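Data from run-v4.json: JSON, C-alpha atoms
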```
[["chain", "number", "residue", "atom", "x", "y", "z"],
["N", 719, "MET", "CA", 3.22, 84.14, 126.71],
["N", 720, "ARG", "CA", -0.04, 82.74, 125.29],
["N", 721, "THR", "CA", -2.05, 85.26, 127.33],
["N", 722, "LYS", "CA", -0.11, 88.12, 125.72],
["N", 723, "CYS", "CA", -0.77, 86.68, 122.27],
["N", 724, "TRP", "CA", -4.51, 86.41, 122.89],
["N", 725, "LEU", "CA", -4.57, 89.94, 124.25],
["N", 726, "PHE", "CA", -2.76, 91.17, 121.14],
["N", 727, "TYR", "CA", -5.29, 89.46, 118.83],
["N", 728, "ILE", "CA", -8.24, 90.87, 120.79],
["N", 729, "ILE", "CA", -6.79, 94.37, 120.49],
["N", 730, "LEU", "CA", -6.29, 93.89, 116.73],
["N", 731, "ILE", "CA", -9.94, 92.93, 116.37],
["N", 732, "LEU", "CA", -11.38, 95.68, 118.57],
["N", 733, "ILE", "CA", -9.33, 98.70, 117.49],
["N", 734, "PRO", "CA", -10.61, 98.80, 113.89],
["N", 735, "SER", "CA", -14.24, 98.55, 115.05],
["N", 736, "PHE", "CA", -13.76, 101.53, 117.40],
["N", 737, "ALA", "CA", -11.75, 103.53, 114.90],
["N", 738, "PHE", "CA", -14.31, 103.11, 112.12],
["N", 739, "SER", "CA", -17.54, 103.02, 114.10],
["N", 740, "ASP", "CA", -18.44, 106.54, 112.98],
["N", 741, "SER", "CA", -19.78, 106.34, 109.41],
["N", 742, "GLU", "CA", -18.02, 109.60, 108.49],
["N", 743, "SER", "CA", -14.58, 108.12, 109.15],
["N", 744, "ILE", "CA", -15.03, 105.33, 106.58],
["N", 745, "MET", "CA", -13.31, 106.37, 103.35],
["N", 746, "SER", "CA", -15.48, 106.68, 100.30],
["N", 747, "LYS", "CA", -14.46, 106.83, 96.69],
["N", 748, "LYS", "CA", -15.07, 109.66, 94.25],
["N", 749, "ILE", "CA", -15.06, 109.03, 90.52],
["N", 750, "ILE", "CA", -13.10, 111.45, 88.33],
["N", 751, "PHE", "CA", -14.25, 112.01, 84.75],
["N", 752, "THR", "CA", -13.30, 114.63, 82.19],
["N", 753, "GLU", "CA", -14.11, 115.13, 78.52],
["N", 754, "GLU", "CA", -10.48, 116.31, 78.17],
["N", 755, "ALA", "CA", -9.24, 112.70, 78.38],
["N", 756, "PRO", "CA", -10.35, 109.62, 76.45],
["N", 757, "LYS", "CA", -13.47, 107.89, 77.65],
["N", 758, "ALA", "CA", -12.87, 104.51, 79.25],
["N", 759, "LEU", "CA", -12.72, 101.66, 76.74],
["N", 760, "GLY", "CA", -14.31, 99.25, 79.20],
["N", 761, "PRO", "CA", -15.98, 98.99, 82.60],
["N", 762, "TYR", "CA", -13.60, 101.24, 84.53],
["N", 763, "SER", "CA", -13.21, 104.90, 85.51],
["N", 764, "GLN", "CA", -10.64, 107.39, 84.26],
["N", 765, "GLY", "CA", -9.71, 108.06, 87.87],
["N", 766, "VAL", "CA", -10.81, 107.24, 91.40],
["N", 767, "VAL", "CA", -10.09, 109.29, 94.52],
["N", 768, "VAL", "CA", -9.91, 107.57, 97.89],
["N", 769, "GLY", "CA", -8.85, 109.79, 100.78],
["N", 770, "ASN", "CA", -6.16, 112.09, 99.42],
["N", 771, "THR", "CA", -5.01, 109.70, 96.68],
["N", 772, "LEU", "CA", -6.06, 109.72, 93.02],
["N", 773, "TYR", "CA", -5.60, 106.48, 91.09],
["N", 774, "ILE", "CA", -5.52, 107.07, 87.34],
["N", 775, "SER", "CA", -6.39, 104.20, 85.02],
["N", 776, "GLY", "CA", -4.07, 103.28, 82.19],
["N", 777, "GLN", "CA", -3.94, 105.91, 79.46],
["N", 778, "ILE", "CA", -3.04, 105.18, 75.87],
["N", 779, "PRO", "CA", -2.22, 107.62, 73.03],
["N", 780, "LEU", "CA", -5.87, 108.24, 72.22],
["N", 781, "ASN", "CA", -6.76, 111.82, 71.32],
["N", 782, "PRO", "CA", -9.95, 112.69, 73.26],
["N", 783, "GLU", "CA", -11.02, 115.34, 70.75],
["N", 784, "THR", "CA", -10.86, 113.16, 67.64],
["N", 785, "GLU", "CA", -11.22, 109.79, 69.41],
["N", 786, "THR", "CA", -8.39, 108.49, 67.23],
["N", 787, "LEU", "CA", -5.04, 106.99, 68.11],
["N", 788, "VAL", "CA", -1.89, 109.03, 67.72],
["N", 789, "ASN", "CA", 0.08, 106.93, 65.23],
["N", 790, "GLY", "CA", 3.20, 109.09, 65.08],
["N", 791, "SER", "CA", 6.55, 108.49, 66.72],
["N", 792, "ILE", "CA", 6.83, 107.02, 70.21],
["N", 793, "LYS", "CA", 7.59, 110.57, 71.41],
["N", 794, "GLU", "CA", 4.29, 111.84, 69.97],
["N", 795, "GLN", "CA", 2.46, 108.90, 71.51],
["N", 796, "ALA", "CA", 4.08, 109.48, 74.91],
["N", 797, "GLU", "CA", 3.17, 113.17, 74.71],
["N", 798, "GLN", "CA", -0.50, 112.27, 74.16],
["N", 799, "VAL", "CA", -0.49, 109.75, 77.00],
["N", 800, "ILE", "CA", 1.00, 112.32, 79.39],
["N", 801, "SER", "CA", -1.52, 114.93, 78.20],
["N", 802, "ASN", "CA", -4.31, 112.47, 79.04],
["N", 803, "LEU", "CA", -2.83, 111.91, 82.51],
["N", 804, "GLU", "CA", -2.53, 115.68, 82.96],
["N", 805, "SER", "CA", -6.19, 116.21, 82.02],
["N", 806, "ILE", "CA", -7.35, 113.68, 84.59],
["N", 807, "CYS", "CA", -5.07, 115.22, 87.22],
["N", 808, "SER", "CA", -6.55, 118.63, 86.40],
["N", 809, "ALA", "CA", -10.10, 117.30, 86.80],
["N", 810, "ALA", "CA", -9.12, 116.35, 90.36],
["N", 811, "ASN", "CA", -7.44, 119.74, 91.02],
["N", 812, "ALA", "CA", -3.97, 118.24, 90.74],
["N", 813, "SER", "CA", -1.07, 118.43, 88.30],
["N", 814, "LEU", "CA", 1.63, 116.21, 86.86],
["N", 815, "GLY", "CA", 3.84, 117.42, 89.71],
["N", 816, "ASP", "CA", 1.51, 115.69, 92.18],
["N", 817, "ILE", "CA", 2.08, 112.25, 90.65],
["N", 818, "VAL", "CA", 3.99, 110.11, 93.15],
["N", 819, "LYS", "CA", 4.10, 106.83, 91.18],
["N", 820, "LEU", "CA", 4.05, 106.32, 87.43],
["N", 821, "ASN", "CA", 3.87, 102.98, 85.66],
["N", 822, "ILE", "CA", 4.90, 102.86, 82.01],
["N", 823, "TYR", "CA", 4.11, 99.88, 79.79],
["N", 824, "LEU", "CA", 5.99, 99.59, 76.48],
["N", 825, "THR", "CA", 5.72, 96.94, 73.80],
["N", 826, "ASP", "CA", 9.38, 97.59, 72.95],
["N", 827, "LEU", "CA", 11.97, 98.65, 75.53],
["N", 828, "ALA", "CA", 14.06, 100.01, 72.67],
["N", 829, "ASN", "CA", 11.76, 103.06, 73.04],
["N", 830, "PHE", "CA", 12.86, 103.57, 76.65],
["N", 831, "ALA", "CA", 15.29, 106.44, 75.98],
["N", 832, "GLU", "CA", 12.81, 108.40, 73.85],
["N", 833, "VAL", "CA", 10.08, 108.03, 76.47],
["N", 834, "ASN", "CA", 12.58, 109.24, 79.08],
["N", 835, "GLN", "CA", 13.19, 112.38, 77.01],
["N", 836, "VAL", "CA", 9.48, 113.13, 76.83],
["N", 837, "MET", "CA", 9.09, 112.51, 80.53],
["N", 838, "GLN", "CA", 12.02, 114.80, 81.30],
["N", 839, "ASN", "CA", 10.37, 117.55, 79.22],
["N", 840, "ARG", "CA", 6.91, 117.16, 80.76],
["N", 841, "PHE", "CA", 7.80, 116.48, 84.41],
["N", 842, "SER", "CA", 10.05, 118.45, 86.73],
["N", 843, "GLU", "CA", 12.18, 117.38, 89.65],
["N", 844, "PRO", "CA", 11.58, 115.73, 91.98],
["N", 845, "TYR", "CA", 10.35, 113.12, 89.53],
["N", 846, "PRO", "CA", 7.76, 110.55, 90.60],
["N", 847, "ALA", "CA", 8.73, 106.99, 91.47],
["N", 848, "ARG", "CA", 8.42, 104.91, 88.35],
["N", 849, "ALA", "CA", 8.38, 101.44, 86.89],
["N", 850, "THR", "CA", 8.81, 100.75, 83.19],
["N", 851, "VAL", "CA", 8.08, 97.29, 81.86],
["N", 852, "GLN", "CA", 7.88, 95.65, 78.47],
["N", 853, "VAL", "CA", 4.64, 93.87, 77.70],
["N", 854, "VAL", "CA", 3.57, 91.65, 74.83],
["N", 855, "ALA", "CA", 0.56, 93.73, 73.82],
["N", 856, "LEU", "CA", -1.55, 96.70, 74.90],
["N", 857, "PRO", "CA", -5.16, 97.73, 74.19],
["N", 858, "LEU", "CA", -5.85, 98.68, 70.56],
["N", 859, "ASN", "CA", -2.31, 97.45, 69.74],
["N", 860, "VAL", "CA", -0.71, 100.70, 70.94],
["N", 861, "GLU", "CA", 2.97, 100.86, 71.84],
["N", 862, "ILE", "CA", 2.67, 102.69, 75.19],
["N", 863, "GLU", "CA", 0.36, 102.96, 78.18],
["N", 864, "MET", "CA", 0.78, 104.74, 81.52],
["N", 865, "ASP", "CA", -1.11, 104.76, 84.80],
["N", 866, "ALA", "CA", -0.44, 106.92, 87.83],
["N", 867, "THR", "CA", -0.96, 107.40, 91.52],
["N", 868, "VAL", "CA", -1.39, 111.02, 92.57],
["N", 869, "LEU", "CA", -1.17, 112.62, 96.00],
["N", 870, "LEU", "CA", -3.85, 115.29, 96.31],
["N", 871, "ASN", "CA", -3.40, 118.41, 98.41],
["N", 872, "GLU", "CA", -6.15, 118.78, 100.95]]
```
Encoding of this model in structure tokens:
Amino acid sequence: MRTKCWLFYIILILIPSFAFSDSESIMSKKIIFTEEAPKALGPYSQGVVVGNTLYISGQIPLNPETETLVNGSIKEQAEQVISNLESICSAANASLGDIVKLNIYLTDLANFAEVNQVMQNRFSEPYPARATVQVVALPLNVEIEMDATVLLNE
């Protein structure tokens, strides 16, 4: 039995070195940036592509044209956040329909139903997987933030 275990561990060590010995098969990352979405507020990228997956950083209701926060209703804020996500998707030749996982952060879950309405208007079935959580605070004291994982068509 111990011989089989050692053989298994040797195989686990050797297979990755053979599989990734060619420098072209190692995945690299591509940074996505667009003027159509807010510039990053810190040391991060709007989006990063690895393989056929786009990871979009958290977006808040910041209007990229005016560089001001949308201070209207939660629906107006959610609309702006989704527009920002859509712009980053577009910069990577994707769309909202390519989002496979969406995370929504709210400072008040009482806004859950209104955000659902906006999402229902902006997304179509099949909807992405999603998590919605209440948080104590968000950057610039906004009420909503979203990040997304997007499957890119090759």
For the contact check between segment 790-821 of chain N and segment 838-851 of chain N, emit one row per residue of segment 790-821 of chain N within 9 Å, containing the shortest atom pair and the distance in Å rounded to one decimal, counting all atoms listed in the file, chain then rising number order, as JSON lines.
```
{"residue": "N:Glu797", "atom": "CA", "partner": "N:Arg840", "partner_atom": "CA", "distance": 8.2}
{"residue": "N:Ile800", "atom": "CA", "partner": "N:Arg840", "partner_atom": "CA", "distance": 7.8}
{"residue": "N:Leu814", "atom": "CA", "partner": "N:Phe841", "partner_atom": "CA", "distance": 6.6}
{"residue": "N:Gly815", "atom": "CA", "partner": "N:Phe841", "partner_atom": "CA", "distance": 6.7}
{"residue": "N:Asp816", "atom": "CA", "partner": "N:Pro846", "partner_atom": "CA", "distance": 8.2}
{"residue": "N:Ile817", "atom": "CA", "partner": "N:Pro846", "partner_atom": "CA", "distance": 5.9}
{"residue": "N:Val818", "atom": "CA", "partner": "N:Pro846", "partner_atom": "CA", "distance": 4.6}
{"residue": "N:Lys819", "atom": "CA", "partner": "N:Ala847", "partner_atom": "CA", "distance": 4.6}
{"residue": "N:Leu820", "atom": "CA", "partner": "N:Arg848", "partner_atom": "CA", "distance": 4.7}
{"residue": "N:Asn821", "atom": "CA", "partner": "N:Ala849", "partner_atom": "CA", "distance": 4.9}
```
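Distances here use all atoms listed in the file; by that measure, the residue among N:Glu753, N:Glu832, N:Glu785, N:Asp865 closest to Leu772 of chain N is N:Asp865.
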One number please: atom CA of Gln795 of chain N to atom CA of Ala758 of chain N, in Å, one decimal. 17.7 Å
Sel. within 12 Å of pt (1.3, 98.5, 77.2), counting only C-alpha atoms, output as number ranges by chain: N: 776-779, 795-796, 799, 821-827, 850-865
How far is it from atom CA of Lys747 of chain N to atom CA of Ser801 of chain N, in Å with one decimal?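 Distance between the two atoms: 24.0 Å.
Atom CA of Ile774 of chain N sits 10.4 Å away from atom CA of Phe751 of chain N.
Remark: for Leu780 of chain N, the closest of the candidate residues N:Pro761, N:Met837, N:Val767, N:Ala755 is N:Ala755 (distances computed over only C-alpha atoms).
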Please return as a list in words every residue within 6 Å of (-4.8, 112.7, 94.2), taking into account only C-alpha atoms and the file's own coordinates.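 In the file's frame, the residues around the point are Asn770, Thr771, Leu772, Val868, Leu869 and Leu870 of chain N.
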